[in-house]
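Working notes for the structure below.
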Amino acid sequence: MSSIRSIDIVDIARSLGDAPFQATPSSVADWLLSEYGGRKGGGFNYDPAINTICDAFRGKHSLESAVRHCQTHGNPKGRKQNVEAIRTLMPYILENTSLCYRIGLTAIAIGRYDGKTVYAKIKAPLLRVRGGKAFIVMPGLRLSYIPSEIAIDFACSVALSIFAQDDHEGADFEYLYAGPALGSARDFRAIHGRDRFRFTGDAIDRLLDIYVKGVALAEARGADTKSPILNGYRIIDPQAPRFF
């Protein structure tokens, strides 16, 4: 299980609840203690499927080769889940081959308390360009929850604020949902930012500050805030009171 000082941006969004502007450090701490307190991780991650996405969008994977990659990489405990996830994604990917630029796994320093840094992990493996339009691609593969629409919007707004800069400041976000669905193992939705709610930089600052204060409060209530393990992550640390 990740340290609550370095969890996925979608989980940070979930901790803020379905009405994020009403979130408080106390409500965030309650969520963290409920979701992370005393629980152990599942023993695997979706990195094999995530790492396949970029080459697949480039046209360098067939369905069969993408599945084979997920069958032979990563923790054996998670190979079935990774195969299911990439099978769900591949029809859309194969229909939307693109120019792609790897972003990879990134950890953003979003705040500090008592000399400790809190990070948001963003698994946005690529920026893809098709038909003159650019997209910051984020996968949503876990089966343990269905994120709310506002949680998706917040997580993707943060990703855009970090990655959609310079030549690609007009990029849209693309959240590739391949999580649980009623009546089937996985559902698929390609969710784009156009016509959806986007959080401003000021709003992101405010909500991430609430989250950091919630982490500090959760620690005061007994949560384990061990040092994050960020092997394999590119770390962005703005070293400033305003992060976005």
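Residues are referred to by chain and number: the chain letter is A, B, ... according to the order shown in the structure tokens, the number counts from 1 in that chain, and ligands are numbered separately from 1 in the order shown.
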task: Give the strand (DSSP E) residues of range 144-203 of chain A, as assigned by DSSP on the backbone, as a PyMOL selection string.
output: chain A and resi 172-177+189-192
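Residues in contact range of Asn96 in chain A, defined as at most 7 Å between only C-alpha atoms, with sequence neighbours fewer than 3 positions away removed, read Phe57, Tyr92 and Ile93 of chain A.
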- request: Go ahead and compute the interatomic distance for CA of Pro25 in chain A and CA of Leu230 in chain A, in Å to one decimal.
  value: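 Computed distance, CA of Pro25 in chain A to CA of Leu230 in chain A, equals 24.7 Å.
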message: Just want the 8 Å neighbourhood of Asp172 in chain A, counted on only C-alpha atoms, with same-chain residues fewer than 2 positions away dropped. Output as a PyMOL selection string.
response: chain A and resi 133-136+160+170+174+192-194
- request: Write out as a ChimeraX atom specification which residues come within 12 Å of range 58-75 of chain A when counting only C-alpha atoms, dropping same-chain ones fewer than 4 positions away.
  value: /A:42-54,79-102,126-130
Export of the given selection (N, CA and C atoms) as a compact mmCIF listing (two decimals), in the first residue's frame:
# COMPACT_ATOMS: atom_id res chain seq x y z
N GLY A 42 -2.62 -4.71 -2.94
CA GLY A 42 -3.01 -5.93 -3.63
C GLY A 42 -1.84 -6.74 -4.15
N GLY A 43 -0.61 -6.21 -4.04
CA GLY A 43 0.56 -6.96 -4.46
C GLY A 43 0.93 -6.81 -5.92
N PHE A 44 0.17 -6.03 -6.68
CA PHE A 44 0.49 -5.81 -8.08
C PHE A 44 0.01 -4.43 -8.50
N ASN A 45 0.46 -4.00 -9.67
CA ASN A 45 -0.03 -2.75 -10.23
C ASN A 45 -0.33 -2.95 -11.71
N TYR A 46 -0.79 -1.89 -12.35
CA TYR A 46 -1.16 -1.96 -13.77
C TYR A 46 -0.07 -1.39 -14.67
N ASP A 47 1.14 -1.32 -14.17
CA ASP A 47 2.22 -0.75 -14.98
C ASP A 47 2.45 -1.51 -16.29
N PRO A 48 2.36 -2.86 -16.33
CA PRO A 48 2.55 -3.53 -17.62
C PRO A 48 1.56 -3.06 -18.68
N ALA A 49 0.28 -2.93 -18.31
CA ALA A 49 -0.71 -2.43 -19.28
C ALA A 49 -0.45 -0.97 -19.63
N ILE A 50 -0.13 -0.16 -18.61
CA ILE A 50 0.12 1.26 -18.85
C ILE A 50 1.31 1.45 -19.77
N ASN A 51 2.36 0.66 -19.55
CA ASN A 51 3.57 0.80 -20.36
C ASN A 51 3.37 0.33 -21.79
N THR A 52 2.31 -0.41 -22.05
CA THR A 52 2.01 -0.89 -23.40
C THR A 52 1.28 0.15 -24.23
N ILE A 53 0.61 1.09 -23.57
CA ILE A 53 -0.31 1.99 -24.25
C ILE A 53 0.40 2.85 -25.29
N CYS A 54 1.57 3.40 -24.96
CA CYS A 54 2.24 4.31 -25.89
C CYS A 54 2.58 3.62 -27.21
N ARG A 79 -1.16 -10.39 -13.56
CA ARG A 79 -1.12 -10.54 -15.02
C ARG A 79 -2.51 -10.71 -15.61
N LYS A 80 -3.37 -11.44 -14.96
CA LYS A 80 -4.74 -11.61 -15.46
C LYS A 80 -5.44 -10.25 -15.55
N GLN A 81 -5.29 -9.43 -14.50
CA GLN A 81 -5.94 -8.12 -14.49
C GLN A 81 -5.37 -7.19 -15.55
N ASN A 82 -4.03 -7.24 -15.73
CA ASN A 82 -3.42 -6.41 -16.77
C ASN A 82 -3.87 -6.83 -18.15
N VAL A 83 -3.99 -8.14 -18.38
CA VAL A 83 -4.46 -8.63 -19.67
C VAL A 83 -5.90 -8.17 -19.91
N GLU A 84 -6.75 -8.28 -18.91
CA GLU A 84 -8.14 -7.83 -19.07
C GLU A 84 -8.20 -6.34 -19.40
N ALA A 85 -7.35 -5.54 -18.72
CA ALA A 85 -7.35 -4.10 -18.94
C ALA A 85 -6.91 -3.76 -20.36
N ILE A 86 -5.83 -4.38 -20.83
CA ILE A 86 -5.34 -4.03 -22.16
C ILE A 86 -6.29 -4.56 -23.25
N ARG A 87 -6.94 -5.69 -23.02
CA ARG A 87 -7.96 -6.17 -23.97
C ARG A 87 -9.10 -5.15 -24.09
N THR A 88 -9.46 -4.54 -22.97
CA THR A 88 -10.54 -3.56 -22.97
C THR A 88 -10.15 -2.29 -23.72
N LEU A 89 -8.89 -1.89 -23.61
CA LEU A 89 -8.42 -0.64 -24.22
C LEU A 89 -8.11 -0.77 -25.71
N MET A 90 -7.62 -1.93 -26.13
CA MET A 90 -7.02 -2.03 -27.45
C MET A 90 -7.94 -1.71 -28.63
N PRO A 91 -9.22 -2.08 -28.63
CA PRO A 91 -10.04 -1.69 -29.79
C PRO A 91 -10.03 -0.19 -30.04
N TYR A 92 -10.13 0.61 -28.97
CA TYR A 92 -10.09 2.07 -29.14
C TYR A 92 -8.72 2.54 -29.59
N ILE A 93 -7.67 1.99 -28.98
CA ILE A 93 -6.31 2.39 -29.33
C ILE A 93 -6.02 2.10 -30.79
N LEU A 94 -6.39 0.92 -31.27
CA LEU A 94 -6.11 0.54 -32.65
C LEU A 94 -6.86 1.40 -33.66
N GLU A 95 -7.98 1.98 -33.24
CA GLU A 95 -8.75 2.86 -34.12
C GLU A 95 -8.23 4.30 -34.09
N ASN A 96 -7.29 4.59 -33.18
CA ASN A 96 -6.84 5.97 -32.99
C ASN A 96 -5.31 6.06 -32.94
N THR A 97 -4.65 5.39 -33.88
CA THR A 97 -3.19 5.47 -33.91
C THR A 97 -2.76 6.93 -34.04
N SER A 98 -1.65 7.26 -33.36
CA SER A 98 -1.28 8.66 -33.19
C SER A 98 0.23 8.82 -33.10
N LEU A 99 0.68 10.06 -33.26
CA LEU A 99 2.02 10.42 -32.85
C LEU A 99 2.03 10.49 -31.33
N CYS A 100 3.03 9.89 -30.70
CA CYS A 100 3.02 9.81 -29.23
C CYS A 100 4.36 10.21 -28.64
N TYR A 101 4.29 10.85 -27.48
CA TYR A 101 5.46 11.25 -26.72
C TYR A 101 5.30 10.72 -25.29
N ARG A 102 6.28 9.95 -24.85
CA ARG A 102 6.18 9.36 -23.53
C ARG A 102 6.29 10.42 -22.43
N LEU A 126 1.53 9.16 -21.71
CA LEU A 126 1.88 9.77 -23.00
C LEU A 126 1.06 11.00 -23.31
N LEU A 127 1.62 11.79 -24.21
CA LEU A 127 0.88 12.84 -24.89
C LEU A 127 0.76 12.36 -26.33
N ARG A 128 -0.47 12.28 -26.83
CA ARG A 128 -0.65 11.81 -28.20
C ARG A 128 -1.26 12.90 -29.05
N VAL A 129 -0.91 12.88 -30.33
CA VAL A 129 -1.38 13.89 -31.27
C VAL A 129 -1.98 13.17 -32.47
N ARG A 130 -3.21 13.53 -32.79
CA ARG A 130 -3.91 12.93 -33.94
C ARG A 130 -4.78 14.01 -34.58
- prompt: Taking into account only C-alpha atoms, which residue in the set A:Ala218, A:Ile210, A:Leu143, A:Ile4 is nearest to Gln22 in chain A?
  reply: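 Using only C-alpha atoms, the shortest distance to Gln22 in chain A belongs to A:Ile210.
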Give me, as a tab-separated table, the closest atom pair and its distance (Å, one decimal) for every residue of range 156-236 of chain A within a cut-off of 8 Å of range 29-36 of chain A, counting only C-alpha atoms, rows sorted by chain and rising number.
residue	atom	partner	partner_atom	distance
A:Gly214	CA	A:Ala29	CA	4.7
A:Val215	CA	A:Ala29	CA	6.1
A:Leu217	CA	A:Ala29	CA	6.0
A:Ala218	CA	A:Ala29	CA	4.6
A:Ala223	CA	A:Leu33	CA	6.5
Per residue of range 192-218 of chain A within 12 Å of range 6-16 of chain A, which atom pair is closest and at what distance in Å (one decimal), using only C-alpha atoms, listed by chain and increasing number, as CSV?
residue,atom,partner,partner_atom,distance
A:Phe199,CA,A:Ala13,CA,11.7
A:Ile204,CA,A:Ala13,CA,10.4
A:Arg206,CA,A:Leu16,CA,11.4
A:Leu207,CA,A:Leu16,CA,7.8
A:Leu208,CA,A:Ile12,CA,8.3
A:Asp209,CA,A:Leu16,CA,11.2
A:Ile210,CA,A:Leu16,CA,8.5
A:Tyr211,CA,A:Ile12,CA,7.2
A:Val212,CA,A:Ile12,CA,9.8
A:Lys213,CA,A:Leu16,CA,11.9
A:Gly214,CA,A:Ser15,CA,9.3
A:Val215,CA,A:Ser6,CA,10.1
Those in range 46-232 of chain A with helix (DSSP H, G or I) from DSSP, as a ChimeraX atom specification: /A:47-57,63-72,76-95,149-163,166-168,201-220
task: Determine, counting only C-alpha atoms, which protein, DNA and RNA residues have an atom within 7 Å of an atom of Pro139 in chain A; residues of the same chain fewer than 5 positions away are not included. Present the result as a ChimeraX atom specification.
output: /A:175-177
- request: Rank nothing, just name the residue among A:Ile152, A:Ile229, A:Ala19, A:Val137 nearest to Ser3 in chain A, using only C-alpha atoms.
  value: A:Ile229
message: I'd like to know which of A:Asn231, A:Ser157, A:Thr225, A:Ser144 is closest to Val118 in chain A, using only C-alpha atoms.
response: A:Thr225
- request: Please measure the separation of CA of Ala164 in chain A and CA of Gly111 in chain A, giving the value in Å to one decimal.
  value: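 These two atoms are separated by 21.0 Å.
Counting only C-alpha atoms, range 105-110 of chain A has the following residues at most 6 Å away, ignoring those fewer than 6 positions along the same chain: A:Val118, A:Tyr119, A:Ala120, A:Lys121, A:Ile122, A:Lys123, A:Tyr233, A:Arg234, A:Ile235, A:Ile236, A:Asp237.
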Nearest-residue call for Pro180 in chain A, choices A:Arg142, A:Arg196, A:Lys77, A:Lys116, using only C-alpha atoms: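 Nearest to Pro180 in chain A: A:Arg142.
Note that the spacing between CA of Phe154 in chain A and CA of Asp55 in chain A amounts to 27.0 Å.
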